[in-house]
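First up is the structure itself, then whatever we jot down about it.
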Amino acid sequence: MTALSDFPITRKWPAQHPDRIQLYSLPTPNGVKVSIMLEETGLPYEPHLVRFDQGDQHSSEFASLNPNEKIPAIIDPNGPGGQPLPLFESGAILVYLADKSGQLMPDDPAQRYTALQWLMFQTGGIGPMFGQVGFFHKFAGRDYEDKRPRDRYVAESRRLLGVLEGRLAGCRWIMGEAFGVADIATFPWVNNLVGFYGAGDLVGIADFPNVTRVLQAFLARPAVVRGLDIPKRVTPR
Ligand SMILES: N[C@@H](CCC(=O)N[C@@H](CS)C(=O)NCC(=O)O)C(=O)O
């Protein structure tokens with residue numbers, strides 16, 4: 001038997017509500033996937049802020065939960081078999097929360113695999129490639145004289161946006177009429193690319209009207225608006 005209090009991370013971020021899912025995160029594109037999912041499903045949870053400006057993600061307490069030292073991570077005190085379940089990797093967390101809540105994932109087995117396919121298209125493609133655009137366009141890589149690395153990631157991101165554009169033509173959401181985990185994984189990254197990274201013109205976002213349409217619909221959802229700001233930052237981005 002394990003208790004929530006057995007996890008070293010609870011010493012740095014004590015649980016006020018030990019019966020709730022514990023979320024360790026920061027509102028970045030990967031972080032908000034989980035807060036949006038939790039807001040959409042209504043599962044009770046307690047958010048804890050992991051401050052990058054203080055190197056919290058590299059603390060021994062955080063690394064004891066995620067040896068990859070990246071947010072988001074969760075502990076569900078009431079996981080499978082009634083035992084606490086620690087979990088990292090946003091894609092795995094979304095699948096777990098969909099299964100736990102019985103929401104935002106198709107019931108039909110074939111549709112479920114298709115949703116997982118698009119979820120993994122995000123975690124394996126969109127996230128890493130858009131992230132590199134951010135590095136080379138907004139962060140330290142911006143000052144590199146050689147623009148070939150930036151151009152490579154911009155071209156690949158454009159290609160991925162084209163794949164998404166094709167999928168969304170005539171569709172309300174990635175899986176058709178039903179909003180779900182693939183949308184929750186994907187649109188925080190599109191939002192970040194055109195918003196925070198300011199790379200909309202660079203990737204030619206105007207060439208992807210369906211992506212833009214669905215992004216606007218995503219940002220209009222009340223649970224998305226809430227999730228984008230959880231856990232609340234104490235310092236500006
Ligand atoms: N594949 C991971 C990626 C997580 C990730 O890259 N998180 C970033 C924030 S968006 C992070 O924690 N960065 C902190 C660091 O690299 O030190 C996931 O999907 O959960």
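Order determines the names: the first chain of the structure tokens is A, the second B, and so forth; residues in each chain are numbered 1 upward, and ligands are numbered 1 upward as they are shown.
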Can you list, as a PDB file with C-alpha atoms, in the first residue's frame, every protein, DNA or RNA residue that comes within 7 Å of segment 162-177 of chain A when you count only C-alpha atoms, leaving out same-chain residues fewer than 5 positions away?
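Saved to part34.pdb:
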```
ATOM      1  CA  ALA A 115      -8.033   9.758 -31.812  1.00  0.00           C
ATOM      2  CA  ALA A 182      -6.591  15.310 -29.912  1.00  0.00           C
ATOM      3  CA  ASP A 183      -7.928  18.896 -29.938  1.00  0.00           C
ATOM      4  CA  PHE A 208      -4.471  27.368 -43.114  1.00  0.00           C
ATOM      5  CA  ASN A 210      -9.453  25.592 -41.135  1.00  0.00           C
ATOM      6  CA  VAL A 211      -6.693  25.457 -38.524  1.00  0.00           C
ATOM      7  CA  VAL A 214     -10.806  25.587 -35.130  1.00  0.00           C
TER       8      VAL A 214
END
```
Can you tell me, as a PyMOL selection string, which residues in segment 58-206 of chain A count as alpha helix (DSSP H) by DSSP? chain A and resi 60-65+90-101+109-121+127-137+148-168+181-194+200-203
Residues near Asp76 of chain A, cut-off 10 Å, only C-alpha atoms, skip fewer than 6 positions along chain, as a list in words: Leu4, Pro18, Asp19, Arg20, Ile21, Gln22, Leu23, Tyr45, Gly82, Gln83, Pro84, Leu85, Pro86, Leu87, Tyr96 and Leu97 of chain A
Surrounding residues as a list of chain:residue names, ligand 1, max 7 Å, only C-alpha atoms and all ligand atoms: A:Thr28, A:Pro29, A:Asn30, A:Gly31, A:Phe52, A:Gln57, A:Glu69, A:Lys70, A:Ile71, A:Pro72, A:Phe88, A:Glu89, A:Ser90, A:Gly91, A:Thr123
Out of A:Lys138, A:Lys100, A:Arg112, A:Arg159, which residue has the shortest atom-to-atom distance to Ile126 of chain A when counting only C-alpha atoms? A:Arg159
With a distance cut-off of 10 Å and only C-alpha atoms, select the neighbouring residues of Asp229 of chain A, excluding the residue or stretch itself and same-chain residues fewer than 5 positions from it, and output the selection as a list in words.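 My list of contacting residues is Leu26, Pro27, Thr28, Gly31, Val32, Ser35, Ile36 and Val224 of chain A.
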Same residues, N, CA, C and O atoms, output as a JSON list (two decimals), in the first residue's frame:
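Output below, filename part.json:
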```
[["chain", "number", "residue", "atom", "x", "y", "z"],
["A", 26, "LEU", "N", 2.82, 24.23, -15.10],
["A", 26, "LEU", "CA", 2.99, 25.65, -15.38],
["A", 26, "LEU", "C", 2.22, 25.87, -16.68],
["A", 26, "LEU", "O", 2.18, 24.96, -17.51],
["A", 27, "PRO", "N", 1.57, 27.04, -16.86],
["A", 27, "PRO", "CA", 0.76, 27.18, -18.09],
["A", 27, "PRO", "C", 1.58, 27.40, -19.36],
["A", 27, "PRO", "O", 1.60, 28.46, -19.95],
["A", 28, "THR", "N", 2.29, 26.36, -19.77],
["A", 28, "THR", "CA", 2.99, 26.30, -21.06],
["A", 28, "THR", "C", 2.10, 25.46, -21.99],
["A", 28, "THR", "O", 1.13, 24.85, -21.54],
["A", 31, "GLY", "N", 1.83, 22.09, -20.53],
["A", 31, "GLY", "CA", 1.18, 22.14, -19.22],
["A", 31, "GLY", "C", -0.32, 22.33, -19.33],
["A", 31, "GLY", "O", -1.10, 21.63, -18.66],
["A", 32, "VAL", "N", -0.75, 23.26, -20.18],
["A", 32, "VAL", "CA", -2.19, 23.57, -20.22],
["A", 32, "VAL", "C", -3.01, 22.44, -20.84],
["A", 32, "VAL", "O", -4.23, 22.41, -20.63],
["A", 35, "SER", "N", -4.36, 20.91, -17.66],
["A", 35, "SER", "CA", -5.33, 21.73, -16.92],
["A", 35, "SER", "C", -6.62, 21.91, -17.72],
["A", 35, "SER", "O", -7.72, 21.89, -17.15],
["A", 36, "ILE", "N", -6.51, 22.03, -19.05],
["A", 36, "ILE", "CA", -7.72, 22.13, -19.88],
["A", 36, "ILE", "C", -8.51, 20.81, -19.80],
["A", 36, "ILE", "O", -9.74, 20.82, -19.63],
["A", 224, "VAL", "N", -11.43, 25.93, -21.66],
["A", 224, "VAL", "CA", -10.11, 26.21, -22.26],
["A", 224, "VAL", "C", -9.59, 27.54, -21.70],
["A", 224, "VAL", "O", -8.42, 27.64, -21.29]]
```
Show me, as a PyMOL selection string, the residues that have an atom within 12 Å of Pro14 of chain A when counting only C-alpha atoms, minus same-chain residues fewer than 6 positions from it. chain A and resi 4-8+22-24+46-49+61
Shell of 12 Å around Gly198 of chain A, only C-alpha atoms, local chain residues under 5 positions omitted, as a list in words: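 Listing them by chain and then by number gives Phe130, Val133, Gly134, Phe135, Phe136, His137, Lys138, Phe139, Val190, Asn191, Asn192, Leu193, Val203, Gly204 and Ile205 of chain A.
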Shell of 12 Å around Val181 of chain A, only C-alpha atoms, local chain residues under 3 positions omitted, as a PyMOL selection string: chain A and resi 33-34+36-38+40-41+90-99+102-106+112-123+173-175+178+184-188
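The spacing separating atom CA of Leu228 of chain A from atom CA of Pro44 of chain A amounts to 17.0 Å.
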Which of these residues is nearest to Trp189 of chain A, using only C-alpha atoms: A:Asp146, A:Gly131, A:Thr10, A:Leu219?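 Once distances to Trp189 of chain A are computed over only C-alpha atoms, the minimum belongs to A:Gly131.
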